[in-house]
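**Q** Can you read through this structure? Questions will come right after.
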Amino acid sequence: MIGSGLASDPMAVTNEQGEFEIAYDKPAERMILKISPRGMAARLIDESTGSDRKTITVTEGTTVVGRLVDPGGKPVANAEIALEPYGVDSGRSIGTIRIGTREDGTFSFSNVPPGRVWALFPTMESLTPKQLAGQLVPIEPREDGQTLDVGEVRLRPAHRVRGRIIVSDGKPLPPDVHLTLLLGNYGFDSQVGDVSPDGHFEFKGLPKGVVKLLPGVKGYELVDRAEIVVDADRDDVLIRMRPNSGEIDRPML
């Protein structure tokens with residue numbers, strides 16, 4: 001919602017005529033609503049508030065199909081495939097769509113909203129135990145009723161990243177330090193890893209490409225940005241941090 005307050009009832013279910021009402025308890029000029037119709041494509045709308053009735057048209061969307069295979073061309077079953085929209089602002093995202101692969105490695109997304117670019121990728125979490133990794137596949141569903149076949153999505157051997165967090169004042173790291181790894185510029189996929197008391201960390205199941213490492217260390221900030229290129233196993237990554245002026249757990253973006 002765009003306005004000065006939050007909806008008092010932020011979710012509504014349509015009746016048999018498709019009618020619904022969202023109530024709000026403070027002034028609001030406009031609302032951004034996500035419509036999630038069963039068996040149809042999800043849709044975001046940005047509408048003014050008021051008593052006049054809005055008519056919202058939903059469509060069936062696009063079907064996206066493909067097949068996940070290992071480096072030798074064999075099907076990969078029970079892996080998670082995700083679809084994430086490109087170029088969305090906070091609060092305006094339809095969200096991530098996830099589905100699992102079948103025994104023959106095939107997958108099928110139904111009711112994908114057309115008219116935008118999506119990133120299709122197998123998730124790191126589901127592939128790490130297999131020591132495999134995938135890449136982002138950009139797709140652009142354009143029409144309702146279309147079936148978009150992305151073909152074979154071939155996996156590659158995964159890489160690992162090991163390293164250490166070093167603080168400039170030489171003090172021990174605070175307890176409960178965590179480290180977030182984001183995949184690519186848009187951070188479509190991520191991992192959150194533990195950090196040992198002496199600062200060591202490790203991530204597995206990484207595809208080839210650029211990753212960003214964001215440490216959460218209370219009272220410290222990054223000395224440099226922590227993007228690295230993963231084109232092989234990396235066992236020598238150093239993340240340098242220094243005390244900041246506040247006590248905010250604030251990673252550098």
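Going by the structure tokens order, chains are called A, B, ..., each with residues numbered from 1, while ligands are numbered from 1 in the order shown.
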What are the nearest atom pairs, with distances in Å to one decimal, for all residues of range 93-169 of chain A that come at most 6 Å from range 68-77 of chain A, using only C-alpha atoms, set out by chain and rising residue number as JSON lines?
**A**
{"residue": "A:Thr101", "atom": "CA", "partner": "A:Ala77", "partner_atom": "CA", "distance": 5.3}
{"residue": "A:Arg102", "atom": "CA", "partner": "A:Ala77", "partner_atom": "CA", "distance": 5.3}
{"residue": "A:Glu103", "atom": "CA", "partner": "A:Ala77", "partner_atom": "CA", "distance": 4.6}
{"residue": "A:Asp104", "atom": "CA", "partner": "A:Pro75", "partner_atom": "CA", "distance": 5.4}
{"residue": "A:Gly105", "atom": "CA", "partner": "A:Pro75", "partner_atom": "CA", "distance": 4.5}
{"residue": "A:Glu152", "atom": "CA", "partner": "A:Leu68", "partner_atom": "CA", "distance": 5.9}
{"residue": "A:Val153", "atom": "CA", "partner": "A:Leu68", "partner_atom": "CA", "distance": 4.8}
{"residue": "A:Arg154", "atom": "CA", "partner": "A:Val69", "partner_atom": "CA", "distance": 5.0}
{"residue": "A:Leu155", "atom": "CA", "partner": "A:Asp70", "partner_atom": "CA", "distance": 4.9}
{"residue": "A:Arg156", "atom": "CA", "partner": "A:Pro71", "partner_atom": "CA", "distance": 5.5}
**Q** With N, CA and C atoms retained, write the just-selected residues as a compact mmCIF listing (two decimals), in the first residue's frame.
**A**
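The file below, again-v8.txt, is the result:
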# COMPACT_ATOMS: atom_id res chain seq x y z
N THR A 101 11.91 -30.97 -9.73
CA THR A 101 12.03 -31.76 -10.96
C THR A 101 11.49 -33.16 -10.74
N ARG A 102 10.98 -33.76 -11.82
CA ARG A 102 10.46 -35.12 -11.77
C ARG A 102 11.60 -36.12 -11.90
N GLU A 103 11.25 -37.40 -11.88
CA GLU A 103 12.27 -38.46 -11.95
C GLU A 103 13.07 -38.38 -13.25
N ASP A 104 12.45 -37.92 -14.32
CA ASP A 104 13.17 -37.80 -15.59
C ASP A 104 13.83 -36.43 -15.76
N GLY A 105 13.87 -35.64 -14.68
CA GLY A 105 14.53 -34.35 -14.71
C GLY A 105 13.69 -33.21 -15.26
N GLU A 152 17.21 -28.26 -22.36
CA GLU A 152 18.01 -28.85 -21.28
C GLU A 152 18.75 -27.76 -20.51
N VAL A 153 18.62 -27.81 -19.20
CA VAL A 153 19.40 -26.97 -18.32
C VAL A 153 20.49 -27.87 -17.73
N ARG A 154 21.71 -27.67 -18.23
CA ARG A 154 22.80 -28.60 -17.88
C ARG A 154 23.59 -28.07 -16.69
N LEU A 155 23.77 -28.94 -15.71
CA LEU A 155 24.53 -28.60 -14.52
C LEU A 155 26.02 -28.81 -14.73
N ARG A 156 26.80 -28.21 -13.86
CA ARG A 156 28.25 -28.35 -13.88
C ARG A 156 28.74 -28.73 -12.49
**Q** As a JSON list (two decimals) with all heavy atoms, in the first residue's frame, which residues of range 69-111 of chain A does DSSP assign to strand (DSSP E or B)?
**A**
[["chain", "number", "residue", "atom", "x", "y", "z"],
["A", 69, "VAL", "N", 19.61, -31.65, -16.31],
["A", 69, "VAL", "CA", 20.49, -32.81, -16.52],
["A", 69, "VAL", "C", 21.86, -32.52, -15.89],
["A", 69, "VAL", "O", 22.26, -31.36, -15.73],
["A", 69, "VAL", "CB", 20.66, -33.14, -18.01],
["A", 69, "VAL", "CG1", 19.32, -33.53, -18.63],
["A", 69, "VAL", "CG2", 21.29, -31.98, -18.76],
["A", 75, "PRO", "N", 19.35, -37.31, -16.27],
["A", 75, "PRO", "CA", 18.37, -36.46, -15.60],
["A", 75, "PRO", "C", 18.67, -36.30, -14.11],
["A", 75, "PRO", "O", 19.19, -37.22, -13.46],
["A", 75, "PRO", "CB", 17.05, -37.20, -15.82],
["A", 75, "PRO", "CG", 17.44, -38.62, -16.07],
["A", 75, "PRO", "CD", 18.76, -38.56, -16.79],
["A", 80, "GLU", "N", 15.30, -28.48, -6.90],
["A", 80, "GLU", "CA", 14.38, -27.34, -6.91],
["A", 80, "GLU", "C", 14.78, -26.35, -8.00],
["A", 80, "GLU", "O", 15.93, -25.94, -8.09],
["A", 80, "GLU", "CB", 14.39, -26.64, -5.55],
["A", 80, "GLU", "CG", 13.40, -25.51, -5.45],
["A", 80, "GLU", "CD", 13.44, -24.82, -4.10],
["A", 80, "GLU", "OE1", 14.53, -24.31, -3.72],
["A", 80, "GLU", "OE2", 12.41, -24.79, -3.41],
["A", 81, "ILE", "N", 13.79, -25.97, -8.82],
["A", 81, "ILE", "CA", 13.97, -24.94, -9.85],
["A", 81, "ILE", "C", 13.17, -23.72, -9.42],
["A", 81, "ILE", "O", 12.04, -23.84, -8.95],
["A", 81, "ILE", "CB", 13.48, -25.42, -11.22],
["A", 81, "ILE", "CG1", 14.13, -26.76, -11.61],
["A", 81, "ILE", "CG2", 13.76, -24.37, -12.29],
["A", 81, "ILE", "CD1", 15.59, -26.68, -11.91],
["A", 82, "ALA", "N", 13.77, -22.54, -9.59],
["A", 82, "ALA", "CA", 13.10, -21.31, -9.19],
["A", 82, "ALA", "C", 12.99, -20.35, -10.36],
["A", 82, "ALA", "O", 13.84, -20.35, -11.26],
["A", 82, "ALA", "CB", 13.86, -20.64, -8.04],
["A", 83, "LEU", "N", 11.94, -19.54, -10.35],
["A", 83, "LEU", "CA", 11.75, -18.44, -11.27],
["A", 83, "LEU", "C", 11.66, -17.15, -10.46],
["A", 83, "LEU", "O", 10.85, -17.05, -9.53],
["A", 83, "LEU", "CB", 10.47, -18.61, -12.08],
["A", 83, "LEU", "CG", 10.51, -19.42, -13.37],
["A", 83, "LEU", "CD1", 9.11, -19.49, -13.97],
["A", 83, "LEU", "CD2", 11.48, -18.84, -14.37],
["A", 84, "GLU", "N", 12.50, -16.18, -10.81],
["A", 84, "GLU", "CA", 12.54, -14.90, -10.09],
["A", 84, "GLU", "C", 12.48, -13.77, -11.11],
["A", 84, "GLU", "O", 13.24, -13.76, -12.08],
["A", 84, "GLU", "CB", 13.83, -14.80, -9.27],
["A", 84, "GLU", "CG", 14.02, -13.51, -8.52],
["A", 84, "GLU", "CD", 13.30, -13.50, -7.18],
["A", 84, "GLU", "OE1", 12.85, -14.59, -6.75],
["A", 84, "GLU", "OE2", 13.20, -12.42, -6.59],
["A", 85, "PRO", "N", 11.60, -12.79, -10.94],
["A", 85, "PRO", "CA", 11.51, -11.70, -11.91],
["A", 85, "PRO", "C", 12.70, -10.74, -11.81],
["A", 85, "PRO", "O", 13.19, -10.45, -10.72],
["A", 85, "PRO", "CB", 10.20, -10.99, -11.56],
["A", 85, "PRO", "CG", 9.96, -11.34, -10.13],
["A", 85, "PRO", "CD", 10.55, -12.70, -9.91],
["A", 97, "ILE", "N", 8.81, -18.12, -7.75],
["A", 97, "ILE", "CA", 8.01, -19.33, -8.00],
["A", 97, "ILE", "C", 8.97, -20.52, -7.96],
["A", 97, "ILE", "O", 10.03, -20.49, -8.60],
["A", 97, "ILE", "CB", 7.31, -19.26, -9.36],
["A", 97, "ILE", "CG1", 6.51, -17.95, -9.50],
["A", 97, "ILE", "CG2", 6.39, -20.47, -9.56],
["A", 97, "ILE", "CD1", 5.94, -17.72, -10.89],
["A", 98, "ARG", "N", 8.63, -21.56, -7.23],
["A", 98, "ARG", "CA", 9.52, -22.71, -7.07],
["A", 98, "ARG", "C", 8.78, -24.00, -7.40],
["A", 98, "ARG", "O", 7.58, -24.12, -7.13],
["A", 98, "ARG", "CB", 10.07, -22.79, -5.64],
["A", 98, "ARG", "CG", 10.85, -21.55, -5.22],
["A", 98, "ARG", "CD", 11.27, -21.61, -3.76],
["A", 98, "ARG", "NE", 11.89, -20.38, -3.32],
["A", 98, "ARG", "CZ", 13.19, -20.13, -3.38],
["A", 98, "ARG", "NH1", 14.01, -21.07, -3.84],
["A", 98, "ARG", "NH2", 13.68, -18.98, -2.98],
["A", 99, "ILE", "N", 9.53, -24.96, -7.95],
["A", 99, "ILE", "CA", 8.95, -26.26, -8.28],
["A", 99, "ILE", "C", 10.07, -27.29, -8.29],
["A", 99, "ILE", "O", 11.25, -26.95, -8.46],
["A", 99, "ILE", "CB", 8.22, -26.20, -9.65],
["A", 99, "ILE", "CG1", 7.22, -27.35, -9.79],
["A", 99, "ILE", "CG2", 9.22, -26.19, -10.81],
["A", 99, "ILE", "CD1", 6.28, -27.17, -10.96],
["A", 100, "GLY", "N", 9.74, -28.56, -8.09],
["A", 100, "GLY", "CA", 10.72, -29.63, -8.10],
["A", 100, "GLY", "C", 10.77, -30.36, -9.44],
["A", 100, "GLY", "O", 9.79, -30.36, -10.19],
["A", 106, "THR", "N", 12.48, -33.51, -15.74],
["A", 106, "THR", "CA", 11.66, -32.46, -16.33],
["A", 106, "THR", "C", 10.98, -31.61, -15.25],
["A", 106, "THR", "O", 10.79, -32.04, -14.11],
["A", 106, "THR", "CB", 10.59, -33.05, -17.26],
["A", 106, "THR", "OG1", 9.75, -33.94, -16.51],
["A", 106, "THR", "CG2", 11.22, -33.78, -18.42],
["A", 107, "PHE", "N", 10.64, -30.40, -15.65],
["A", 107, "PHE", "CA", 9.89, -29.51, -14.77],
["A", 107, "PHE", "C", 8.92, -28.69, -15.59],
["A", 107, "PHE", "O", 9.09, -28.52, -16.81],
["A", 107, "PHE", "CB", 10.83, -28.58, -13.98],
["A", 107, "PHE", "CG", 11.73, -27.74, -14.84],
["A", 107, "PHE", "CD1", 11.32, -26.51, -15.36],
["A", 107, "PHE", "CD2", 13.02, -28.18, -15.16],
["A", 107, "PHE", "CE1", 12.16, -25.74, -16.14],
["A", 107, "PHE", "CE2", 13.87, -27.41, -15.96],
["A", 107, "PHE", "CZ", 13.43, -26.19, -16.44],
["A", 108, "SER", "N", 7.88, -28.19, -14.94],
["A", 108, "SER", "CA", 6.86, -27.42, -15.65],
["A", 108, "SER", "C", 6.27, -26.38, -14.70],
["A", 108, "SER", "O", 5.72, -26.73, -13.66],
["A", 108, "SER", "CB", 5.76, -28.35, -16.17],
["A", 108, "SER", "OG", 4.73, -27.60, -16.79],
["A", 109, "PHE", "N", 6.42, -25.11, -15.07],
["A", 109, "PHE", "CA", 5.77, -24.02, -14.35],
["A", 109, "PHE", "C", 4.51, -23.63, -15.11],
["A", 109, "PHE", "O", 4.58, -23.32, -16.30],
["A", 109, "PHE", "CB", 6.68, -22.79, -14.28],
["A", 109, "PHE", "CG", 7.90, -22.96, -13.42],
["A", 109, "PHE", "CD1", 9.10, -23.41, -13.96],
["A", 109, "PHE", "CD2", 7.86, -22.63, -12.07],
["A", 109, "PHE", "CE1", 10.22, -23.55, -13.17],
["A", 109, "PHE", "CE2", 9.00, -22.77, -11.28],
["A", 109, "PHE", "CZ", 10.17, -23.22, -11.82],
["A", 110, "SER", "N", 3.40, -23.59, -14.43],
["A", 110, "SER", "CA", 2.16, -23.15, -15.07],
["A", 110, "SER", "C", 1.80, -21.75, -14.58],
["A", 110, "SER", "O", 2.21, -21.32, -13.50],
["A", 110, "SER", "CB", 1.02, -24.12, -14.77],
["A", 110, "SER", "OG", 0.83, -24.25, -13.37],
["A", 111, "ASN", "N", 1.03, -21.04, -15.40],
["A", 111, "ASN", "CA", 0.48, -19.73, -15.02],
["A", 111, "ASN", "C", 1.57, -18.72, -14.65],
["A", 111, "ASN", "O", 1.44, -17.97, -13.68],
["A", 111, "ASN", "CB", -0.50, -19.87, -13.86],
["A", 111, "ASN", "CG", -1.54, -20.95, -14.07],
["A", 111, "ASN", "OD1", -1.67, -21.87, -13.27],
["A", 111, "ASN", "ND2", -2.27, -20.87, -15.18]]
**Q** Could you check the closest approach to Phe203 in chain A for each of A:Ile139, A:Ile239, A:Val229, A:Met124 and tell me which residue wins, using only C-alpha atoms?
**A**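 The answer is A:Met124, which sits nearest to Phe203 in chain A.
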**Q** At most 9 Å is the cut-off: for each residue in range 95-186 of chain A with any atom that close to an atom of range 207-212 of chain A, write down the nearest atom pair and the distance in Å rounded to one decimal, counting only C-alpha atoms, chain first then increasing number, as a Markdown table.
**A**
| residue | atom | partner | partner_atom | distance |
| --- | --- | --- | --- | --- |
| A:Met124 | CA | A:Pro207 | CA | 8.2 |
| A:Leu132 | CA | A:Pro207 | CA | 7.9 |
| A:Ala133 | CA | A:Pro207 | CA | 4.9 |
| A:Gly134 | CA | A:Pro207 | CA | 5.8 |
| A:Gln135 | CA | A:Pro207 | CA | 6.4 |
| A:Leu155 | CA | A:Pro207 | CA | 8.9 |
| A:Arg156 | CA | A:Pro207 | CA | 7.5 |
| A:Pro157 | CA | A:Pro207 | CA | 7.9 |
| A:Ala158 | CA | A:Pro207 | CA | 5.6 |
| A:His159 | CA | A:Pro207 | CA | 6.3 |
| A:Arg160 | CA | A:Pro207 | CA | 8.8 |
| A:Thr180 | CA | A:Lys212 | CA | 8.1 |
| A:Leu181 | CA | A:Lys212 | CA | 5.6 |
| A:Leu182 | CA | A:Lys212 | CA | 5.1 |
| A:Leu183 | CA | A:Val211 | CA | 4.8 |
| A:Gly184 | CA | A:Val210 | CA | 5.4 |
| A:Asn185 | CA | A:Val210 | CA | 7.7 |
**Q** Out of A:Thr57, A:Ser93, A:Thr147, A:Ser190, which residue has the shortest atom-to-atom distance to Phe121 in chain A when counting only C-alpha atoms?
**A**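 Looking at the shortest contact to Phe121 in chain A, the residue is A:Ser190.
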**Q** Apply DSSP to the structure's backbone, then extract all residues of range 81-163 of chain A labelled alpha helix (DSSP H) and return them as a count of residues only.
**A** 4
**Q** Which one of A:Glu21, A:Lys204, A:Arg38, A:Gly66 sits closest to Asp52 in chain A if you count only C-alpha atoms?
**A** A:Glu21
**Q** Taking 4 positions as the minimum chain separation for residues in the same chain, which residues sit within 6 Å of Arg242 in chain A when counting only C-alpha atoms? Answer as a list in words.
**A**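 The neighbour list is Val167, Ser168, Tyr220 and Glu221 of chain A.
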**Q** Would you save the residues of that selection, restricted to N, CA and C atoms, as a PDB file, in the first residue's frame?
**A**
ATOM      1  N   VAL A 167      39.375  -8.685  11.554  1.00  0.00           N
ATOM      2  CA  VAL A 167      39.012  -7.351  12.045  1.00  0.00           C
ATOM      3  C   VAL A 167      40.288  -6.570  12.347  1.00  0.00           C
ATOM      4  N   SER A 168      40.278  -5.272  12.020  1.00  0.00           N
ATOM      5  CA  SER A 168      41.501  -4.468  12.089  1.00  0.00           C
ATOM      6  C   SER A 168      41.973  -4.185  13.506  1.00  0.00           C
ATOM      7  N   TYR A 220      31.042  -3.554  13.337  1.00  0.00           N
ATOM      8  CA  TYR A 220      32.098  -3.503  12.325  1.00  0.00           C
ATOM      9  C   TYR A 220      31.490  -3.260  10.951  1.00  0.00           C
ATOM     10  N   GLU A 221      32.325  -2.750  10.041  1.00  0.00           N
ATOM     11  CA  GLU A 221      31.921  -2.540   8.661  1.00  0.00           C
ATOM     12  C   GLU A 221      33.011  -3.042   7.733  1.00  0.00           C
TER      13      GLU A 221
END
**Q** Would you please work out which residue, of A:Val217, A:Val237, A:Val64, A:Val223, is nearest to Leu173 in chain A when using only C-alpha atoms?
**A**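 Among the listed residues, the smallest separation from Leu173 in chain A belongs to A:Val217.
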